[in-house]
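Here's target.pdb, which has PDB, C-alpha atoms, pLDDT in the B column:
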```pdb
ATOM      1  CA  MET V   1      -5.083 -21.957   5.928  1.00 39.00           C
ATOM      2  CA  GLY V   2      -7.788 -22.929   3.454  1.00 42.00           C
ATOM      3  CA  LEU V   3      -7.501 -21.960  -0.173  1.00 49.00           C
ATOM      4  CA  THR V   4     -10.812 -20.085  -0.029  1.00 61.00           C
ATOM      5  CA  MET V   5     -10.080 -18.121   3.152  1.00 79.00           C
ATOM      6  CA  GLY V   6     -11.073 -14.488   2.698  1.00 94.00           C
ATOM      7  CA  ALA V   7      -8.754 -11.546   3.178  1.00 96.00           C
ATOM      8  CA  GLU V   8     -10.565 -10.385   6.314  1.00 95.00           C
ATOM      9  CA  SER V   9     -10.089 -13.837   7.893  1.00 95.00           C
ATOM     10  CA  ARG V  10      -6.422 -13.818   6.878  1.00 95.00           C
ATOM     11  CA  LEU V  11      -5.928 -10.481   8.655  1.00 94.00           C
ATOM     12  CA  LEU V  12      -7.239 -12.064  11.850  1.00 94.00           C
ATOM     13  CA  GLU V  13      -5.147 -15.185  11.367  1.00 95.00           C
ATOM     14  CA  LEU V  14      -2.016 -13.076  10.805  1.00 95.00           C
ATOM     15  CA  ASP V  15      -2.895 -10.890  13.839  1.00 95.00           C
ATOM     16  CA  LEU V  16      -2.829  -7.737  11.698  1.00 94.00           C
ATOM     17  CA  VAL V  17      -4.778  -4.685  12.818  1.00 91.00           C
ATOM     18  CA  LEU V  18      -5.467  -1.999  10.242  1.00 91.00           C
ATOM     19  CA  GLY V  19      -5.438   1.671  11.171  1.00 85.00           C
ATOM     20  CA  VAL V  20      -7.536   4.497   9.795  1.00 81.00           C
ATOM     21  CA  ARG V  21      -7.497   5.232   6.088  1.00 81.00           C
ATOM     22  CA  ALA V  22      -5.093   7.781   4.668  1.00 82.00           C
ATOM     23  CA  GLN V  23      -6.187  11.342   4.040  1.00 83.00           C
ATOM     24  CA  PRO V  24      -4.982  13.349   1.058  1.00 84.00           C
ATOM     25  CA  VAL V  25      -2.152  15.787   1.803  1.00 85.00           C
ATOM     26  CA  ALA V  26      -2.869  17.946  -1.269  1.00 88.00           C
ATOM     27  CA  ASN V  27      -5.488  18.356  -4.000  1.00 91.00           C
ATOM     28  CA  TYR V  28      -6.179  14.763  -5.045  1.00 90.00           C
ATOM     29  CA  ARG V  29      -8.339  11.755  -4.158  1.00 93.00           C
ATOM     30  CA  VAL V  30      -7.061   8.850  -2.059  1.00 94.00           C
ATOM     31  CA  ALA V  31      -8.904   6.431  -4.331  1.00 95.00           C
ATOM     32  CA  VAL V  32     -10.980   6.573  -7.510  1.00 95.00           C
ATOM     33  CA  ALA V  33     -12.875   3.762  -9.201  1.00 95.00           C
ATOM     34  CA  SER V  34     -13.360   3.251 -12.911  1.00 95.00           C
ATOM     35  CA  GLY V  35     -15.522   0.277 -13.714  1.00 94.00           C
ATOM     36  CA  SER V  36     -14.379  -2.569 -11.488  1.00 96.00           C
ATOM     37  CA  LEU V  37     -10.896  -1.104 -10.921  1.00 97.00           C
ATOM     38  CA  LEU V  38      -9.942   0.908  -7.844  1.00 97.00           C
ATOM     39  CA  PHE V  39      -6.937   3.194  -8.296  1.00 97.00           C
ATOM     40  CA  VAL V  40      -5.339   3.917  -4.917  1.00 97.00           C
ATOM     41  CA  SER V  41      -3.096   6.981  -4.722  1.00 97.00           C
ATOM     42  CA  GLY V  42       0.420   6.831  -3.384  1.00 97.00           C
ATOM     43  CA  HIS V  43       0.705   6.121   0.343  1.00 97.00           C
ATOM     44  CA  GLY V  44       3.676   6.658   2.618  1.00 97.00           C
ATOM     45  CA  PRO V  45       4.734   4.865   5.804  1.00 96.00           C
ATOM     46  CA  VAL V  46       2.592   6.264   8.618  1.00 93.00           C
ATOM     47  CA  HIS V  47       2.584   4.686  12.087  1.00 90.00           C
ATOM     48  CA  ALA V  48      -0.615   4.163  14.091  1.00 84.00           C
ATOM     49  CA  ASN V  49       0.172   7.319  16.097  1.00 86.00           C
ATOM     50  CA  GLY V  50       0.258   9.375  12.877  1.00 86.00           C
ATOM     51  CA  ALA V  51       4.034   9.796  12.755  1.00 90.00           C
ATOM     52  CA  MET V  52       5.617   9.477   9.302  1.00 93.00           C
ATOM     53  CA  LEU V  53       8.755   7.418   8.896  1.00 96.00           C
ATOM     54  CA  GLN V  54      11.457   9.510   7.231  1.00 97.00           C
ATOM     55  CA  GLY V  55      14.881   9.019   5.663  1.00 97.00           C
ATOM     56  CA  LYS V  56      16.687   7.634   2.639  1.00 98.00           C
ATOM     57  CA  VAL V  57      17.137   3.902   2.249  1.00 98.00           C
ATOM     58  CA  GLY V  58      20.838   3.112   1.998  1.00 97.00           C
ATOM     59  CA  ASP V  59      21.741   6.162   4.093  1.00 96.00           C
ATOM     60  CA  LEU V  60      19.758   6.807   7.292  1.00 94.00           C
ATOM     61  CA  LEU V  61      17.742   3.620   6.811  1.00 97.00           C
ATOM     62  CA  THR V  62      19.006   0.110   6.165  1.00 97.00           C
ATOM     63  CA  PHE V  63      17.581  -2.210   3.518  1.00 97.00           C
ATOM     64  CA  GLU V  64      15.681  -4.043   6.282  1.00 98.00           C
ATOM     65  CA  GLN V  65      14.163  -0.791   7.542  1.00 98.00           C
ATOM     66  CA  GLY V  66      13.152   0.022   3.955  1.00 98.00           C
ATOM     67  CA  TYR V  67      11.447  -3.378   3.644  1.00 98.00           C
ATOM     68  CA  ASP V  68       9.609  -2.738   6.930  1.00 98.00           C
ATOM     69  CA  ALA V  69       8.607   0.731   5.681  1.00 98.00           C
ATOM     70  CA  ALA V  70       7.134  -0.821   2.520  1.00 98.00           C
ATOM     71  CA  ARG V  71       5.201  -3.307   4.660  1.00 98.00           C
ATOM     72  CA  LEU V  72       3.872  -0.402   6.759  1.00 97.00           C
ATOM     73  CA  VAL V  73       2.771   1.312   3.536  1.00 97.00           C
ATOM     74  CA  GLY V  74       1.021  -1.925   2.561  1.00 98.00           C
ATOM     75  CA  MET V  75      -0.918  -1.806   5.821  1.00 97.00           C
ATOM     76  CA  GLY V  76      -2.019   1.722   4.953  1.00 96.00           C
ATOM     77  CA  LEU V  77      -3.092   0.635   1.483  1.00 97.00           C
ATOM     78  CA  LEU V  78      -5.150  -2.177   3.025  1.00 97.00           C
ATOM     79  CA  SER V  79      -6.791   0.337   5.393  1.00 95.00           C
ATOM     80  CA  THR V  80      -7.764   2.499   2.448  1.00 95.00           C
ATOM     81  CA  LEU V  81      -9.089  -0.493   0.489  1.00 96.00           C
ATOM     82  CA  ARG V  82     -11.252  -1.547   3.425  1.00 95.00           C
ATOM     83  CA  ALA V  83     -12.565   2.003   3.925  1.00 93.00           C
ATOM     84  CA  GLU V  84     -13.362   2.375   0.222  1.00 94.00           C
ATOM     85  CA  LEU V  85     -14.894  -1.071  -0.346  1.00 94.00           C
ATOM     86  CA  GLY V  86     -16.267  -1.916   3.102  1.00 94.00           C
ATOM     87  CA  SER V  87     -14.408  -5.233   3.153  1.00 95.00           C
ATOM     88  CA  LEU V  88     -11.145  -6.562   1.776  1.00 97.00           C
ATOM     89  CA  ASP V  89     -13.093  -9.633   0.701  1.00 97.00           C
ATOM     90  CA  ARG V  90     -14.482  -7.563  -2.201  1.00 96.00           C
ATOM     91  CA  VAL V  91     -11.013  -7.412  -3.785  1.00 97.00           C
ATOM     92  CA  THR V  92     -10.913  -9.948  -6.601  1.00 97.00           C
ATOM     93  CA  ARG V  93      -7.356  -9.170  -7.732  1.00 97.00           C
ATOM     94  CA  VAL V  94      -4.435  -6.929  -6.885  1.00 98.00           C
ATOM     95  CA  VAL V  95      -3.600  -5.865 -10.425  1.00 98.00           C
ATOM     96  CA  LYS V  96      -0.604  -3.518 -10.228  1.00 98.00           C
ATOM     97  CA  VAL V  97       1.702  -1.977  -7.632  1.00 98.00           C
ATOM     98  CA  LEU V  98       4.095   0.899  -8.246  1.00 98.00           C
ATOM     99  CA  GLY V  99       6.715   1.379  -5.543  1.00 98.00           C
ATOM    100  CA  MET V 100       9.063   4.334  -5.279  1.00 98.00           C
ATOM    101  CA  VAL V 101      12.059   4.186  -2.951  1.00 98.00           C
ATOM    102  CA  ASN V 102      13.788   7.347  -1.706  1.00 98.00           C
ATOM    103  CA  CYS V 103      17.309   5.986  -1.879  1.00 97.00           C
ATOM    104  CA  ALA V 104      20.898   7.072  -1.486  1.00 97.00           C
ATOM    105  CA  PRO V 105      23.174   7.117  -4.549  1.00 96.00           C
ATOM    106  CA  GLY V 106      24.372   3.601  -5.320  1.00 96.00           C
ATOM    107  CA  PHE V 107      21.483   1.839  -3.576  1.00 97.00           C
ATOM    108  CA  ASN V 108      19.921  -0.551  -6.100  1.00 96.00           C
ATOM    109  CA  ARG V 109      17.774  -2.991  -4.117  1.00 97.00           C
ATOM    110  CA  MET V 110      14.466  -1.215  -4.785  1.00 98.00           C
ATOM    111  CA  PRO V 111      12.607  -4.383  -5.884  1.00 98.00           C
ATOM    112  CA  GLU V 112      13.540  -6.126  -2.635  1.00 98.00           C
ATOM    113  CA  VAL V 113      12.434  -3.123  -0.567  1.00 98.00           C
ATOM    114  CA  ILE V 114       9.019  -3.054  -2.264  1.00 98.00           C
ATOM    115  CA  ASP V 115       8.718  -6.786  -1.519  1.00 98.00           C
ATOM    116  CA  GLY V 116       7.752  -5.607   1.982  1.00 98.00           C
ATOM    117  CA  CYS V 117       4.416  -4.515   0.524  1.00 98.00           C
ATOM    118  CA  SER V 118       4.109  -7.282  -2.075  1.00 98.00           C
ATOM    119  CA  ASP V 119       4.760 -10.007   0.503  1.00 98.00           C
ATOM    120  CA  LEU V 120       2.032  -8.542   2.728  1.00 98.00           C
ATOM    121  CA  LEU V 121      -0.469  -8.427  -0.152  1.00 98.00           C
ATOM    122  CA  PHE V 122       0.350 -12.034  -1.048  1.00 97.00           C
ATOM    123  CA  ASP V 123      -0.095 -13.080   2.608  1.00 97.00           C
ATOM    124  CA  VAL V 124      -3.458 -11.321   2.947  1.00 97.00           C
ATOM    125  CA  PHE V 125      -5.015 -12.010  -0.458  1.00 97.00           C
ATOM    126  CA  GLY V 126      -3.342 -15.317  -1.320  1.00 95.00           C
ATOM    127  CA  LYS V 127      -1.626 -16.638  -4.414  1.00 90.00           C
ATOM    128  CA  GLU V 128      -4.374 -15.985  -6.962  1.00 92.00           C
ATOM    129  CA  ARG V 129      -5.706 -12.602  -5.818  1.00 96.00           C
ATOM    130  CA  GLY V 130      -2.528 -11.211  -4.270  1.00 96.00           C
ATOM    131  CA  ARG V 131       0.148 -11.796  -6.912  1.00 96.00           C
ATOM    132  CA  HIS V 132       0.408  -8.682  -9.070  1.00 97.00           C
ATOM    133  CA  ALA V 133       2.320  -6.847 -11.761  1.00 98.00           C
ATOM    134  CA  ARG V 134       4.778  -4.379 -10.273  1.00 98.00           C
ATOM    135  CA  SER V 135       7.335  -1.683 -10.888  1.00 98.00           C
ATOM    136  CA  ALA V 136       9.887  -0.559  -8.303  1.00 98.00           C
ATOM    137  CA  ILE V 137      12.006   2.510  -8.907  1.00 98.00           C
ATOM    138  CA  GLY V 138      14.540   4.538  -6.987  1.00 98.00           C
ATOM    139  CA  VAL V 139      14.091   8.291  -6.685  1.00 98.00           C
ATOM    140  CA  ALA V 140      16.217  11.127  -5.320  1.00 97.00           C
ATOM    141  CA  GLU V 141      13.435  12.542  -3.121  1.00 97.00           C
ATOM    142  CA  LEU V 142       9.908  11.776  -1.956  1.00 97.00           C
ATOM    143  CA  PRO V 143       7.403  14.093  -0.248  1.00 95.00           C
ATOM    144  CA  PHE V 144       8.128  14.829   3.426  1.00 95.00           C
ATOM    145  CA  ASP V 145      11.380  12.831   3.105  1.00 97.00           C
ATOM    146  CA  ILE V 146       9.480   9.523   3.384  1.00 98.00           C
ATOM    147  CA  PRO V 147      11.531   6.463   2.389  1.00 98.00           C
ATOM    148  CA  VAL V 148       8.826   4.688   0.353  1.00 98.00           C
ATOM    149  CA  GLU V 149       5.675   5.637  -1.550  1.00 98.00           C
ATOM    150  CA  ILE V 150       3.442   2.989  -3.084  1.00 98.00           C
ATOM    151  CA  GLU V 151       0.321   3.180  -5.233  1.00 98.00           C
ATOM    152  CA  MET V 152      -1.905   0.306  -6.278  1.00 98.00           C
ATOM    153  CA  ILE V 153      -4.630  -0.783  -8.685  1.00 98.00           C
ATOM    154  CA  CYS V 154      -7.127  -3.443  -7.564  1.00 98.00           C
ATOM    155  CA  GLU V 155     -10.070  -5.140  -9.182  1.00 97.00           C
ATOM    156  CA  PHE V 156     -13.172  -5.464  -7.015  1.00 97.00           C
ATOM    157  CA  GLU V 157     -16.681  -6.881  -7.110  1.00 95.00           C
ATOM    158  CA  GLY V 158     -19.839  -4.906  -6.528  1.00 86.00           C
ATOM    159  CA  VAL V 159     -20.423  -1.167  -6.626  1.00 79.00           C
ATOM    160  CA  TRP V 160     -18.031   1.533  -5.381  1.00 72.00           C
ATOM    161  CA  PHE V 161     -19.547   4.387  -3.409  1.00 74.00           C
ATOM    162  CA  ASP V 162     -17.606   7.650  -3.591  1.00 71.00           C
ATOM    163  CA  THR V 163     -16.388   8.438  -0.083  1.00 66.00           C
ATOM    164  CA  GLY V 164     -15.819  12.103  -0.921  1.00 64.00           C
ATOM    165  CA  ASP V 165     -12.307  12.445   0.517  1.00 59.00           C
ATOM    166  CA  ARG V 166     -11.641  15.880  -0.951  1.00 46.00           C
ATOM    167  CA  THR V 167      -9.225  18.259   0.713  1.00 42.00           C
ATOM    168  CA  SER V 168     -10.231  21.739   1.800  1.00 37.00           C
ATOM    169  CA  ARG V 169      -8.436  23.305  -1.199  1.00 34.00           C
TER
END
```
The structure given in the file should be rewritten as structure tokens.
Amino acid sequence: MGLTMGAESRLLELDLVLGVRAQPVANYRVAVASGSLLFVSGHGPVHANGAMLQGKVGDLLTFEQGYDAARLVGMGLLSTLRAELGSLDRVTRVVKVLGMVNCAPGFNRMPEVIDGCSDLLFDVFGKERGRHARSAIGVAELPFDIPVEIEMICEFEGVWFDTGDRTSR
């Protein structure tokens, strides 16, 4: 792997295939740009067939399944970034990630669960562009009983074109 390899090339090298971008489930935007920052709304773990992963980490789901769920969320975030920007190569920096883990009482490994997403971002964007600031918190519930929800802020180059992803509300 070369130090200047782009994110799109890394996806191919890692044999990762991105699905379709997320759609809003309520009255909000999936992504909004301000200047050169793209704010990506919270995503949950959705499989390629559209099925949502459900359950509490530390109860129905193991730590390892929580980590895998966070990685799956990361794949969804990458799909949204590509749809919004046209190419992941336009991302100049992953700035901030906020991960929320739907966890059972006593479960306290939230940072390690969210590493599933952070590790993926590091693998795809590399050391300089992929390493980010992050918060990981445990919550009592998440929408639709999903185990993980993650939102992200990225810096990008060029112009953002509003994709108009409004709901029918």
Q | Shell around V:Met52 at 10 Å using all atoms listed in the file, local window under 4 positions removed, as a PyMOL selection string | A | chain V and resi 44-48+69+144-147
**Q.** Residues near V:Val40, cut-off 6 Å, all atoms listed in the file, skip fewer than 2 positions along chain, as number ranges by chain
**A.** V: 30-31, 151-152
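Across V:Ile150, V:Val159, V:Val97, V:Leu14, the tightest approach to V:Arg134 is made by V:Val97 when counting all atoms listed in the file.
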Q: List the residues selected by the PyMOL selection byres ((chain V and resi 71) around 9) in the file shown, writing them as a list in words.
A: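 Given this file, the PyMOL selection byres ((chain V and resi 71) around 9) evaluates to Pro45, Gly66, Tyr67, Asp68, Ala69, Ala70, Leu72, Val73, Gly74, Met75, Gly76, Val113, Ile114, Asp115, Gly116, Cys117, Ser118, Asp119 and Leu120 of chain V.
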Q: Specify as a ChimeraX atom specification each residue included when the PyMOL selection byres ((chain V and resi 153) around 10) is applied to this file.
A: /V:31-33,37-41,93-98,132-133,151-152,154-156
Q. So which residues get picked by the PyMOL selection byres ((chain V and resi 17) around 12) here, written as a PyMOL selection string?
A. chain V and resi 8-16+18-20+47-48+72+75-76+78-79+82+124
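You can rank V:Glu157, V:Pro143, V:Asp162, V:Leu81 by their closest distance to V:Val25 using only C-alpha atoms, and at the top of that list sits V:Pro143.
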Q: Could you please determine the separation between atom CA of V:Asn49 and atom CA of V:Arg29 in Å, to one decimal place?
A: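 Value for the atom CA of V:Asn49-atom CA of V:Arg29 distance: 22.4 Å.
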Q.
Here is a test: counting only C-alpha atoms, which residue of V:Ala51, V:Ala26, V:Val148, V:Leu61 is nearest to V:Gly99?
A.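 The closest residue to V:Gly99 is V:Val148.
For the choices V:Asn102, V:Phe122, V:Ala140, V:Gly130, the atom-to-atom distance to V:Gln54 is smallest for V:Asn102 when using only C-alpha atoms.
Nearest residue to V:Cys103 among V:Ala22, V:Asp59, V:Ala7, V:His43 is V:Asp59, counting all atoms listed in the file.
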Could you work out an axis-aligned box for stretch 116-120 of chain V, taking every atom the file lists and adding 5 Å on each side, and report centre and edge lengths in Å to one decimal, as lines of an AutoDock Vina configuration file?
```
center_x = 4.9
center_y = -7.3
center_z = 0.3
size_x = 15.7
size_y = 15.5
size_z = 14.8
```
Q: Give me, please, the distance in Å between atom CA of V:Asp123 and atom CA of V:Ala104, quoted to one decimal.
A: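 It comes out at 29.4 Å.
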